[in-house]
$ cat entry-v3.txt   # compact mmCIF, C-alpha atoms
# COMPACT_ATOMS: atom_id res chain seq x y z
CA MET A 231 -2.65 16.55 40.66
CA ARG A 232 -2.83 12.90 39.70
CA CYS A 233 -5.59 10.65 41.06
CA GLU A 234 -3.04 8.31 42.66
CA ARG A 235 -1.46 11.14 44.64
CA VAL A 236 -4.83 12.55 45.72
CA GLN A 237 -6.02 9.16 46.90
CA THR A 238 -2.78 8.59 48.82
CA GLN A 239 -3.25 11.95 50.55
CA LEU A 240 -6.88 11.13 51.32
CA ALA A 241 -5.86 7.77 52.79
CA ASN A 242 -2.98 9.11 54.89
CA ASP A 243 -4.67 12.20 56.32
CA LEU A 244 -8.28 12.51 55.28
CA GLY A 245 -8.99 15.75 57.14
CA ALA A 246 -5.86 17.59 55.99
CA ALA A 247 -6.27 16.38 52.39
CA GLN A 248 -9.83 17.69 52.22
CA ARG A 249 -8.70 21.07 53.55
CA SER A 250 -6.10 21.34 50.79
CA ALA A 251 -7.08 23.72 47.97
CA ARG A 252 -5.26 21.60 45.36
CA VAL A 253 -7.05 18.43 46.46
CA ALA A 254 -10.39 20.28 46.47
CA GLU A 255 -9.72 21.50 42.95
CA HIS A 256 -8.95 17.95 41.81
CA LEU A 257 -12.04 16.50 43.53
CA ALA A 258 -14.26 19.06 41.82
CA GLY A 259 -13.31 17.62 38.44
CA CYS A 260 -12.75 13.90 39.25
CA ALA A 261 -15.71 11.64 40.01
CA ALA A 262 -13.54 8.64 40.94
CA CYS A 263 -11.59 10.56 43.59
CA ARG A 264 -14.82 12.17 44.86
CA ALA A 265 -16.27 8.69 45.30
CA GLU A 266 -13.14 7.54 47.17
CA ALA A 267 -13.31 10.58 49.48
CA ALA A 268 -17.02 9.91 50.12
CA ARG A 269 -16.30 6.25 50.88
CA LEU A 270 -13.58 7.11 53.41
CA ASN A 271 -15.75 9.81 54.99
CA ALA A 272 -18.58 7.29 55.39
CA VAL A 273 -16.21 4.85 57.11
CA VAL A 274 -14.94 7.50 59.49
CA ALA A 275 -18.49 8.69 60.28
CA ALA A 276 -19.61 5.10 60.95
CA VAL A 277 -16.66 4.52 63.30
CA GLU A 278 -17.05 7.84 65.11
CA ARG A 279 -20.71 7.32 65.92
CA LEU A 280 -20.07 3.98 67.64
CA PRO A 281 -21.62 4.02 71.11
CA MET A 282 -19.41 3.69 74.18
CA PRO A 283 -19.26 0.06 75.39
CA GLN A 284 -21.23 -0.68 78.55
CA VAL A 285 -19.13 -1.19 81.68
CA PRO A 286 -19.74 -4.60 83.34
CA ALA A 287 -21.67 -4.20 86.61
CA ASP A 288 -19.09 -5.94 88.79
CA LEU A 289 -15.97 -4.34 87.31
CA ARG A 290 -15.68 -1.72 90.05
CA ALA A 291 -15.93 -4.26 92.88
CA ARG A 292 -13.37 -6.55 91.24
CA THR A 293 -10.98 -3.69 90.51
CA PHE A 294 -11.04 -2.39 94.09
CA ALA A 295 -10.66 -5.94 95.43
CA ALA A 296 -7.53 -6.30 93.26
CA ILE A 297 -6.20 -2.97 94.54
CA ALA A 298 -6.87 -4.00 98.17
CA GLU A 299 -5.05 -7.27 97.58
CA ARG A 300 -2.08 -5.43 96.05
CA ARG A 301 -2.09 -2.99 98.97
CA GLN A 302 -1.89 -5.86 101.49
CA ALA A 303 0.93 -7.50 99.53
CA THR A 304 2.74 -4.16 99.48
CA HIS A 305 2.40 -3.77 103.27
CA ARG A 306 3.77 -7.27 103.80
CA ALA A 307 6.76 -6.44 101.61
CA GLY A 308 7.71 -3.43 103.81
CA PRO A 309 7.69 0.33 103.35
CA VAL A 310 7.76 1.75 99.84
CA TRP A 311 11.15 3.42 100.28
CA LEU A 312 12.73 0.06 101.11
CA ARG A 313 11.56 -1.32 97.77
CA ARG A 314 12.69 1.55 95.58
CA PRO A 315 15.56 0.88 93.16
CA ALA A 316 17.53 3.81 94.63
CA PHE A 317 17.44 2.19 98.05
CA ALA A 318 18.48 -1.17 96.61
CA ALA A 319 21.43 0.52 94.87
CA LEU A 320 22.41 2.33 98.08
CA ALA A 321 22.22 -0.90 100.08
CA ALA A 322 24.35 -2.69 97.49
CA GLY A 323 26.89 0.15 97.63
CA ILE A 324 27.10 0.04 101.43
CA ALA A 325 27.50 -3.74 101.34
CA ALA A 326 30.30 -3.44 98.77
CA VAL A 327 32.12 -0.76 100.81
CA ALA A 328 31.74 -2.83 103.98
CA PHE A 329 33.09 -5.92 102.21
CA PHE A 330 36.18 -4.23 100.81
CA ALA A 331 36.82 -2.12 103.92
CA GLY A 332 36.57 -5.27 106.07
CA ARG A 333 39.17 -7.12 104.04
CA PRO A 334 42.28 -7.30 106.20
CA SER A 335 45.44 -5.72 104.90
CA PRO A 336 48.90 -6.30 106.29
CA SER A 337 49.13 -4.34 109.55
CA PRO A 338 52.16 -1.99 109.67
CA MET A 339 52.59 -2.85 113.34
CA LEU A 340 52.83 -6.55 112.64
CA GLN A 341 55.20 -5.91 109.75
CA VAL A 342 57.50 -3.94 112.03
CA GLU A 343 57.28 -6.65 114.66
CA ALA A 344 58.06 -9.26 112.07
CA GLY A 345 61.10 -7.38 110.88
CA SER A 346 62.61 -6.31 114.18
CA LEU A 347 61.59 -8.62 116.99
CA TYR A 348 61.40 -11.85 115.07
CA SER A 349 64.16 -11.68 112.58
CA SER A 350 64.41 -15.38 111.88
CA PRO A 351 63.60 -16.19 108.23
CA TYR A 352 60.76 -18.51 109.30
CA ALA A 353 59.10 -15.91 111.52
CA ALA A 354 59.44 -13.19 108.93
CA SER A 355 58.01 -15.29 106.11
CA HIS A 356 55.21 -16.59 108.31
CA ALA A 357 54.29 -13.07 109.39
CA LEU A 358 54.11 -11.88 105.78
CA VAL A 359 52.27 -14.94 104.44
CA SER A 360 49.70 -14.96 107.23
CA ALA A 361 49.28 -11.18 107.28
CA GLY A 362 45.78 -11.70 105.84
CA SER A 363 44.67 -13.08 109.20
CA PRO A 364 45.61 -10.62 111.93
CA LEU A 365 44.26 -12.68 114.81
CA ALA A 366 46.09 -15.85 113.81
CA ASP A 367 49.17 -13.82 113.03
CA SER A 368 49.22 -12.05 116.39
CA ALA A 369 48.85 -15.35 118.20
CA ALA A 370 51.67 -16.87 116.19
CA LEU A 371 53.92 -13.86 116.74
CA HIS A 372 53.26 -13.83 120.47
CA ALA A 373 53.97 -17.55 120.71
CA MET A 374 57.20 -17.15 118.77
CA GLY A 375 58.13 -14.10 120.85
CA ALA A 376 57.69 -16.06 124.06
CA LEU A 377 59.84 -18.86 122.60
CA ALA A 378 62.59 -16.42 121.61
CA GLU A 379 62.65 -14.79 125.09
CA ARG A 380 62.95 -18.22 126.74
CA GLU A 381 65.86 -19.08 124.39
CA GLU A 382 67.58 -15.80 125.31
CA ARG A 383 67.19 -16.51 129.04
CA HIS A 384 68.18 -20.17 128.70
CA PRO A 385 70.49 -20.40 125.69
CA MET B 174 -15.32 18.09 85.51
CA PRO B 175 -13.35 21.35 85.21
CA ASP B 176 -9.58 20.98 84.84
CA LEU B 177 -8.87 22.70 88.18
CA GLU B 178 -11.19 20.35 90.02
CA LEU B 179 -9.61 17.34 88.32
CA LYS B 180 -6.11 18.60 89.18
CA ALA B 181 -7.08 18.99 92.85
CA LEU B 182 -8.60 15.51 92.88
CA VAL B 183 -5.47 14.00 91.34
CA GLU B 184 -3.28 15.79 93.89
CA ARG B 185 -5.40 14.47 96.76
CA ALA B 186 -5.32 10.93 95.36
CA ARG B 187 -1.58 11.24 94.82
CA GLY B 188 -1.23 12.08 98.51
CA GLY B 189 -2.95 8.82 99.50
CA ASP B 190 -6.57 10.03 99.80
CA ASP B 191 -8.62 6.89 99.03
CA ALA B 192 -11.88 8.83 98.61
CA ALA B 193 -10.23 11.01 95.96
CA PHE B 194 -8.96 7.91 94.14
CA GLU B 195 -12.48 6.45 94.17
CA GLN B 196 -13.81 9.68 92.67
CA LEU B 197 -11.19 9.47 89.94
CA TYR B 198 -12.30 5.90 89.28
CA GLU B 199 -15.95 6.97 89.05
CA ARG B 200 -15.00 9.77 86.69
CA PHE B 201 -12.92 7.66 84.31
CA GLU B 202 -14.27 4.11 84.71
CA ARG B 203 -16.29 4.27 81.48
CA ALA B 204 -13.49 5.92 79.51
CA VAL B 205 -10.93 3.32 80.59
CA TYR B 206 -13.18 0.32 80.02
CA GLY B 207 -14.42 1.76 76.71
CA LEU B 208 -10.87 2.24 75.44
CA CYS B 209 -9.85 -1.26 76.55
CA ARG B 210 -12.94 -2.85 75.02
CA ARG B 211 -12.38 -1.11 71.70
CA LEU B 212 -8.69 -1.98 71.58
CA LEU B 213 -9.24 -5.62 72.51
CA THR B 214 -11.58 -8.13 70.94
CA SER B 215 -13.35 -9.70 73.90
CA ASP B 216 -15.20 -8.60 77.03
CA ASP B 217 -13.03 -10.79 79.27
CA ALA B 218 -9.78 -9.39 77.91
CA ALA B 219 -11.09 -5.83 78.25
CA GLU B 220 -12.16 -6.39 81.87
CA ASP B 221 -8.77 -7.85 82.80
CA ALA B 222 -6.99 -5.02 81.02
CA ALA B 223 -9.15 -2.35 82.72
CA GLN B 224 -8.28 -3.83 86.12
CA GLN B 225 -4.59 -3.80 85.27
CA VAL B 226 -4.85 -0.19 84.13
CA TRP B 227 -6.36 0.89 87.46
CA LEU B 228 -3.76 -1.08 89.40
CA ALA B 229 -1.04 0.66 87.40
CA ILE B 230 -2.69 4.04 88.02
CA TRP B 231 -3.01 3.34 91.75
CA GLN B 232 0.64 2.30 91.96
CA GLY B 233 2.03 5.03 89.74
CA LEU B 234 -0.04 7.96 90.94
CA SER B 235 2.44 9.00 93.64
CA SER B 236 5.14 9.46 90.99
CA LEU B 237 2.97 11.43 88.54
CA ARG B 238 4.76 14.78 88.35
CA GLN B 239 2.10 16.76 86.49
CA PRO B 240 -1.42 16.23 87.84
CA GLU B 241 -2.83 18.15 84.87
CA ALA B 242 -1.46 15.41 82.59
CA PHE B 243 -3.55 12.76 84.34
CA THR B 244 -5.99 12.18 81.48
CA SER B 245 -3.35 11.63 78.83
CA TRP B 246 -1.31 9.47 81.24
CA LEU B 247 -4.43 7.36 81.84
CA LYS B 248 -4.99 6.87 78.11
CA GLN B 249 -1.32 6.07 77.53
CA THR B 250 -1.37 3.53 80.35
CA ALA B 251 -4.54 1.91 79.00
CA THR B 252 -3.11 1.76 75.48
CA ARG B 253 0.12 0.17 76.70
CA VAL B 254 -1.64 -2.36 78.92
CA CYS B 255 -3.91 -3.33 76.01
CA GLY B 256 -0.90 -3.57 73.69
CA ARG B 257 0.77 -6.02 76.08
CA THR B 258 -2.47 -8.00 76.39
CA GLN B 259 -2.80 -8.11 72.62
CA ARG B 260 0.77 -9.35 72.16
CA ARG B 261 0.24 -12.07 74.75
CA ARG B 262 -3.02 -13.13 73.10
CA ARG B 263 -1.37 -13.15 69.69
CA TRP B 264 1.44 -15.32 71.01
CA TRP B 265 -1.07 -17.65 72.69
CA SER B 266 -3.15 -17.76 69.52
CA TRP B 267 -0.10 -18.67 67.46
CA TRP B 268 0.80 -21.36 69.99
CA SER B 269 -2.76 -22.76 69.92
CA GLU B 270 -2.59 -22.90 66.14
CA VAL B 271 0.67 -24.81 66.35
CA GLU B 272 -0.98 -27.14 68.82
CA GLY B 273 -3.91 -27.65 66.42
CA ASP B 274 -6.65 -25.71 68.26
CA ASP B 275 -9.22 -23.53 66.52
CA ALA B 276 -7.45 -20.19 66.77
CA PRO B 277 -9.20 -17.00 65.57
CA ASP B 278 -8.03 -15.68 62.22
CA LEU B 279 -5.77 -12.72 62.94
CA ASP B 280 -5.08 -11.87 59.33
CA PRO B 281 -8.41 -10.68 57.96
CA ALA B 282 -7.07 -9.14 54.74
CA ASP B 283 -8.71 -11.70 52.49
CA GLN B 284 -12.05 -11.97 54.23
CA ALA B 285 -15.19 -11.16 52.27
CA PRO B 286 -16.97 -7.82 52.80
CA MET B 287 -19.91 -7.75 55.17
CA THR B 288 -23.41 -7.19 53.79
CA VAL B 289 -24.72 -4.34 55.89
CA ASP B 290 -26.63 -2.21 53.42
CA SER B 291 -30.07 -2.92 54.84
CA LEU B 292 -29.23 -2.96 58.53
CA ALA B 293 -30.86 -0.82 61.22
CA ARG B 294 -28.72 1.64 63.21
CA GLY B 295 -27.95 -0.76 66.07
CA GLU B 296 -27.07 -3.49 63.62
CA GLN B 297 -24.89 -1.08 61.63
CA ASP B 298 -23.02 -0.18 64.79
CA GLU B 299 -22.54 -3.85 65.50
CA ALA B 300 -21.25 -4.38 61.94
CA VAL B 301 -18.75 -1.51 62.33
CA ARG B 302 -17.62 -2.84 65.71
CA ALA B 303 -17.13 -6.29 64.19
CA ALA B 304 -15.22 -4.74 61.28
CA LEU B 305 -12.92 -2.97 63.75
CA GLU B 306 -12.25 -6.30 65.44
CA ARG B 307 -11.24 -7.77 62.10
CA LEU B 308 -8.44 -5.23 61.72
CA SER B 309 -4.95 -6.12 62.86
CA PRO B 310 -4.20 -4.90 66.43
CA GLU B 311 -1.87 -2.17 65.08
CA HIS B 312 -4.50 -0.84 62.69
CA ARG B 313 -7.32 -1.04 65.23
CA GLU B 314 -5.13 0.80 67.75
CA VAL B 315 -4.61 3.86 65.54
CA VAL B 316 -8.25 4.00 64.39
CA VAL B 317 -9.53 3.83 67.99
CA LEU B 318 -7.04 6.39 69.29
CA HIS B 319 -7.60 8.82 66.41
CA HIS B 320 -11.28 8.51 65.55
CA LEU B 321 -12.76 7.47 68.90
CA GLU B 322 -10.40 8.95 71.49
CA GLY B 323 -9.67 12.09 69.50
CA LEU B 324 -5.87 11.89 69.77
CA GLY B 325 -3.80 13.66 67.13
CA VAL B 326 -1.27 11.82 65.00
CA GLY B 327 1.61 13.24 67.06
CA GLU B 328 0.05 12.18 70.37
CA ILE B 329 -0.54 8.67 69.02
CA ALA B 330 3.07 8.48 67.85
CA VAL B 331 4.28 9.38 71.36
CA THR B 332 1.87 6.95 73.02
CA LEU B 333 2.88 4.04 70.79
CA GLY B 334 6.55 4.97 70.52
CA VAL B 335 6.53 5.05 66.70
CA ALA B 336 7.16 7.75 64.06
CA THR B 337 4.31 10.04 62.99
CA GLY B 338 4.71 8.73 59.43
CA THR B 339 4.06 5.22 60.71
CA VAL B 340 0.86 6.38 62.42
CA LYS B 341 -0.32 8.11 59.22
CA SER B 342 0.35 5.11 57.02
CA ARG B 343 -1.32 2.73 59.51
CA LEU B 344 -4.35 5.02 59.63
CA GLY B 345 -4.54 5.14 55.85
CA ARG B 346 -4.31 1.38 55.46
CA ALA B 347 -6.75 0.81 58.33
CA ARG B 348 -9.40 3.12 56.83
CA ALA B 349 -9.01 1.51 53.41
CA HIS B 350 -9.30 -1.93 54.97
CA LEU B 351 -12.41 -0.91 56.93
CA ALA B 352 -13.94 0.42 53.72
CA ARG B 353 -13.31 -2.93 52.04
CA ILE B 354 -14.76 -4.91 54.97
CA LEU B 355 -17.84 -2.70 55.32
CA GLY B 356 -18.55 -2.73 51.60
CA PRO B 357 -22.01 -1.24 50.90
CA LEU B 358 -22.15 0.63 54.21
CA ALA B 359 -19.22 2.72 53.06
CA GLU B 360 -20.73 3.54 49.67
$ encode --input "entry-v3.txt" --output "structure tokens"
Amino acid sequence: MRCERVQTQLANDLGAAQRSARVAEHLAGCAACRAEAARLNAVVAAVERLPMPQVPADLRARTFAAIAERRQATHRAGPVWLRRPAFAALAAGIAAVAFFAGRPSPSPMLQVEAGSLYSSPYAASHALVSAGSPLADSAALHAMGALAEREERHP
Amino acid sequence: MPDLELKALVERARGGDDAAFEQLYERFERAVYGLCRRLLTSDDAAEDAAQQVWLAIWQGLSSLRQPEAFTSWLKQTATRVCGRTQRRRRWWSWWSEVEGDDAPDLDPADQAPMTVDSLARGEQDEAVRAALERLSPEHREVVVLHHLEGLGVGEIAVTLGVATGTVKSRLGRARAHLARILGPLAE
């Protein structure tokens, strides 16, 4: 093996490289690569013996205060299930269905009335144009119906 | 703490038992703070990050499906929180530089080696810790996770969301860089 390849293997995976028989064979006969392996091993040993950092004395109190604050904010915002994305999606779906279902469509009854009882072109066109507003349409049809009956009785 | 005991504790905490959550905190406080402190370069940043980690654990515990995976989830959460903190700090540091403040040097590649050959043990540890802080965040991350937290290359790749080859090459460059910074200590 070439020195360059051995040193790349040592750098990329020190432990695995040193377990390799071919690398071991090369190291046995190459002082430069042995020195590089020793240098990297010394670095790793120095890092691994670092003591654990000391925890600040007030960290626990501050952490639990932050959790208590978050818990209060969560309670104010309502139950957890109300805030879940699945619930939000369901609510949006229900709102969409309610919106489209609530949109008025031309009532068959009013269409029949418009065609049979009130056959004047004005009444028919009005009934069709204003079919989007059933209440207004009914009122208009009733008013026109009353007018037509009076005309029949008093021509 | 035996695994079965830890699993039972996690299940109780997951069910809303505050005492169980406090026991989990006691058990892992040092590990979480230690990981945050080693990944970040200041006490203040590490304290803030540790708090955020515990908030995330408290909020996410109810959706943890495998209580036995608590420890690795905790480490992943800490690593991700610290990664976000680091990115924010880097952005802020860049902005401060643009604004003309004295920002810390985040590219230590050309800095001179430390002279640590005659230092006592405590001073050597301090020199190694300082050398770690001179690494780039990406290099420090893999060194801490591999050599101090004992994670394998594959686990680190999953935690960081990168390829195993990337982890290996970062580790290689980080160790070489540490060797250059530490100079005589690494001889």
$ interface_residues --input "entry-v3.txt" --of "chain A" --to "chain B" --cutoff "10 Å" --atoms "all atoms listed in the file" --output "PDB file with C-alpha atoms, in the coordinates of the input"
ATOM      1  CA  GLN A 237      -6.020   9.160  46.900  1.00  0.00           C
ATOM      2  CA  THR A 238      -2.780   8.590  48.820  1.00  0.00           C
ATOM      3  CA  GLN A 239      -3.250  11.950  50.550  1.00  0.00           C
ATOM      4  CA  LEU A 240      -6.880  11.130  51.320  1.00  0.00           C
ATOM      5  CA  ALA A 241      -5.860   7.770  52.790  1.00  0.00           C
ATOM      6  CA  ASN A 242      -2.980   9.110  54.890  1.00  0.00           C
ATOM      7  CA  ASP A 243      -4.670  12.200  56.320  1.00  0.00           C
ATOM      8  CA  LEU A 244      -8.280  12.510  55.280  1.00  0.00           C
ATOM      9  CA  ALA A 265     -16.270   8.690  45.300  1.00  0.00           C
ATOM     10  CA  GLU A 266     -13.140   7.540  47.170  1.00  0.00           C
ATOM     11  CA  ALA A 268     -17.020   9.910  50.120  1.00  0.00           C
ATOM     12  CA  ARG A 269     -16.300   6.250  50.880  1.00  0.00           C
ATOM     13  CA  LEU A 270     -13.580   7.110  53.410  1.00  0.00           C
ATOM     14  CA  ASN A 271     -15.750   9.810  54.990  1.00  0.00           C
ATOM     15  CA  ALA A 272     -18.580   7.290  55.390  1.00  0.00           C
ATOM     16  CA  VAL A 273     -16.210   4.850  57.110  1.00  0.00           C
ATOM     17  CA  VAL A 274     -14.940   7.500  59.490  1.00  0.00           C
ATOM     18  CA  ALA A 275     -18.490   8.690  60.280  1.00  0.00           C
ATOM     19  CA  ALA A 276     -19.610   5.100  60.950  1.00  0.00           C
ATOM     20  CA  VAL A 277     -16.660   4.520  63.300  1.00  0.00           C
ATOM     21  CA  GLU A 278     -17.050   7.840  65.110  1.00  0.00           C
ATOM     22  CA  ARG A 279     -20.710   7.320  65.920  1.00  0.00           C
ATOM     23  CA  LEU A 280     -20.070   3.980  67.640  1.00  0.00           C
ATOM     24  CA  PRO A 281     -21.620   4.020  71.110  1.00  0.00           C
ATOM     25  CA  MET A 282     -19.410   3.690  74.180  1.00  0.00           C
ATOM     26  CA  PRO A 283     -19.260   0.060  75.390  1.00  0.00           C
ATOM     27  CA  GLN A 284     -21.230  -0.680  78.550  1.00  0.00           C
ATOM     28  CA  VAL A 285     -19.130  -1.190  81.680  1.00  0.00           C
ATOM     29  CA  PRO A 286     -19.740  -4.600  83.340  1.00  0.00           C
ATOM     30  CA  ASP A 288     -19.090  -5.940  88.790  1.00  0.00           C
ATOM     31  CA  LEU A 289     -15.970  -4.340  87.310  1.00  0.00           C
ATOM     32  CA  ARG A 290     -15.680  -1.720  90.050  1.00  0.00           C
ATOM     33  CA  ARG A 292     -13.370  -6.550  91.240  1.00  0.00           C
ATOM     34  CA  THR A 293     -10.980  -3.690  90.510  1.00  0.00           C
ATOM     35  CA  PHE A 294     -11.040  -2.390  94.090  1.00  0.00           C
ATOM     36  CA  ALA A 295     -10.660  -5.940  95.430  1.00  0.00           C
ATOM     37  CA  ALA A 296      -7.530  -6.300  93.260  1.00  0.00           C
ATOM     38  CA  ILE A 297      -6.200  -2.970  94.540  1.00  0.00           C
ATOM     39  CA  ALA A 298      -6.870  -4.000  98.170  1.00  0.00           C
ATOM     40  CA  ARG A 300      -2.080  -5.430  96.050  1.00  0.00           C
ATOM     41  CA  ARG A 301      -2.090  -2.990  98.970  1.00  0.00           C
TER      42      ARG A 301
END
$ axis_aligned_box --input "entry-v3.txt" --around "segment 326-342 of chain B" --padding-each-side "8 Å" --output "JSON"
{"center_x": 2.9, "center_y": 8.6, "center_z": 65.0, "size_x": 24.4, "size_y": 25.2, "size_z": 32.0}
$ atom_distance --input "entry-v3.txt" --atom1 "atom CA of Ala316 of chain A" --atom2 "atom CA of Ser245 of chain B"
27.3 Å
$ atom_distance --input "entry-v3.txt" --atom1 "atom CA of Gly334 of chain B" --atom2 "atom CA of Thr258 of chain B"
16.9 Å
$ atom_distance --input "entry-v3.txt" --atom1 "atom CA of Leu234 of chain B" --atom2 "atom CA of Leu212 of chain B"
23.4 Å
$ decode --input "entry-v3.txt" --residues "segment 192-200 of chain B" --atoms "all heavy atoms" --output "mmCIF file, in the first residue's frame"
data_model
loop_
_atom_site.group_PDB
_atom_site.id
_atom_site.type_symbol
_atom_site.label_atom_id
_atom_site.label_comp_id
_atom_site.auth_asym_id
_atom_site.auth_seq_id
_atom_site.Cartn_x
_atom_site.Cartn_y
_atom_site.Cartn_z
ATOM 1 N N ALA B 192 -43.692 13.668 38.120
ATOM 2 C CA ALA B 192 -42.584 13.156 38.946
ATOM 3 C C ALA B 192 -41.650 12.307 38.081
ATOM 4 O O ALA B 192 -40.424 12.364 38.225
ATOM 5 C CB ALA B 192 -43.131 12.349 40.105
ATOM 6 N N ALA B 193 -42.236 11.530 37.172
ATOM 7 C CA ALA B 193 -41.415 10.691 36.291
ATOM 8 C C ALA B 193 -40.590 11.568 35.353
ATOM 9 O O ALA B 193 -39.419 11.286 35.090
ATOM 10 C CB ALA B 193 -42.308 9.749 35.489
ATOM 11 N N PHE B 194 -41.195 12.656 34.873
ATOM 12 C CA PHE B 194 -40.441 13.564 33.989
ATOM 13 C C PHE B 194 -39.270 14.188 34.749
ATOM 14 O O PHE B 194 -38.165 14.319 34.209
ATOM 15 C CB PHE B 194 -41.369 14.650 33.427
ATOM 16 C CG PHE B 194 -40.661 15.567 32.468
ATOM 17 C CD1 PHE B 194 -40.439 15.176 31.152
ATOM 18 C CD2 PHE B 194 -40.175 16.800 32.881
ATOM 19 C CE1 PHE B 194 -39.756 15.999 30.274
ATOM 20 C CE2 PHE B 194 -39.495 17.629 32.008
ATOM 21 C CZ PHE B 194 -39.287 17.229 30.702
ATOM 22 N N GLU B 195 -39.524 14.556 36.015
ATOM 23 C CA GLU B 195 -38.444 15.150 36.811
ATOM 24 C C GLU B 195 -37.308 14.153 37.017
ATOM 25 O O GLU B 195 -36.134 14.515 37.001
ATOM 26 C CB GLU B 195 -38.987 15.634 38.152
ATOM 27 C CG GLU B 195 -39.764 16.931 38.008
ATOM 28 C CD GLU B 195 -40.208 17.506 39.335
ATOM 29 O OE1 GLU B 195 -39.512 17.291 40.338
ATOM 30 O OE2 GLU B 195 -41.273 18.150 39.363
ATOM 31 N N GLN B 196 -37.676 12.876 37.201
ATOM 32 C CA GLN B 196 -36.629 11.856 37.351
ATOM 33 C C GLN B 196 -35.817 11.709 36.061
ATOM 34 O O GLN B 196 -34.602 11.515 36.089
ATOM 35 C CB GLN B 196 -37.253 10.513 37.729
ATOM 36 C CG GLN B 196 -37.674 10.431 39.188
ATOM 37 C CD GLN B 196 -38.176 9.047 39.527
ATOM 38 O OE1 GLN B 196 -37.511 8.045 39.333
ATOM 39 N NE2 GLN B 196 -39.406 8.980 40.033
ATOM 40 N N LEU B 197 -36.519 11.784 34.934
ATOM 41 C CA LEU B 197 -35.804 11.724 33.653
ATOM 42 C C LEU B 197 -34.836 12.896 33.544
ATOM 43 O O LEU B 197 -33.706 12.751 33.079
ATOM 44 C CB LEU B 197 -36.799 11.776 32.480
ATOM 45 C CG LEU B 197 -37.483 10.485 32.088
ATOM 46 C CD1 LEU B 197 -38.462 10.748 30.946
ATOM 47 C CD2 LEU B 197 -36.466 9.431 31.664
ATOM 48 N N TYR B 198 -35.312 14.069 33.973
ATOM 49 C CA TYR B 198 -34.451 15.254 33.925
ATOM 50 C C TYR B 198 -33.204 15.030 34.779
ATOM 51 O O TYR B 198 -32.085 15.285 34.330
ATOM 52 C CB TYR B 198 -35.219 16.499 34.388
ATOM 53 C CG TYR B 198 -34.371 17.745 34.327
ATOM 54 C CD1 TYR B 198 -34.317 18.507 33.177
ATOM 55 C CD2 TYR B 198 -33.582 18.117 35.420
ATOM 56 C CE1 TYR B 198 -33.499 19.622 33.101
ATOM 57 C CE2 TYR B 198 -32.767 19.230 35.354
ATOM 58 C CZ TYR B 198 -32.729 19.981 34.202
ATOM 59 O OH TYR B 198 -31.910 21.075 34.133
ATOM 60 N N GLU B 199 -33.427 14.549 36.016
ATOM 61 C CA GLU B 199 -32.291 14.303 36.923
ATOM 62 C C GLU B 199 -31.286 13.352 36.266
ATOM 63 O O GLU B 199 -30.082 13.558 36.319
ATOM 64 C CB GLU B 199 -32.776 13.634 38.228
ATOM 65 C CG GLU B 199 -33.755 14.444 39.031
ATOM 66 C CD GLU B 199 -33.091 15.611 39.730
ATOM 67 O OE1 GLU B 199 -31.854 15.642 39.766
ATOM 68 O OE2 GLU B 199 -33.817 16.511 40.198
ATOM 69 N N ARG B 200 -31.848 12.324 35.627
ATOM 70 C CA ARG B 200 -31.007 11.277 35.060
ATOM 71 C C ARG B 200 -30.142 11.809 33.889
ATOM 72 O O ARG B 200 -28.998 11.437 33.737
ATOM 73 C CB ARG B 200 -31.915 10.125 34.602
ATOM 74 C CG ARG B 200 -31.304 9.088 33.713
ATOM 75 C CD ARG B 200 -30.399 8.156 34.497
ATOM 76 N NE ARG B 200 -29.873 7.099 33.651
ATOM 77 C CZ ARG B 200 -28.871 7.258 32.789
ATOM 78 N NH1 ARG B 200 -28.322 8.429 32.623
ATOM 79 N NH2 ARG B 200 -28.429 6.228 32.086
#
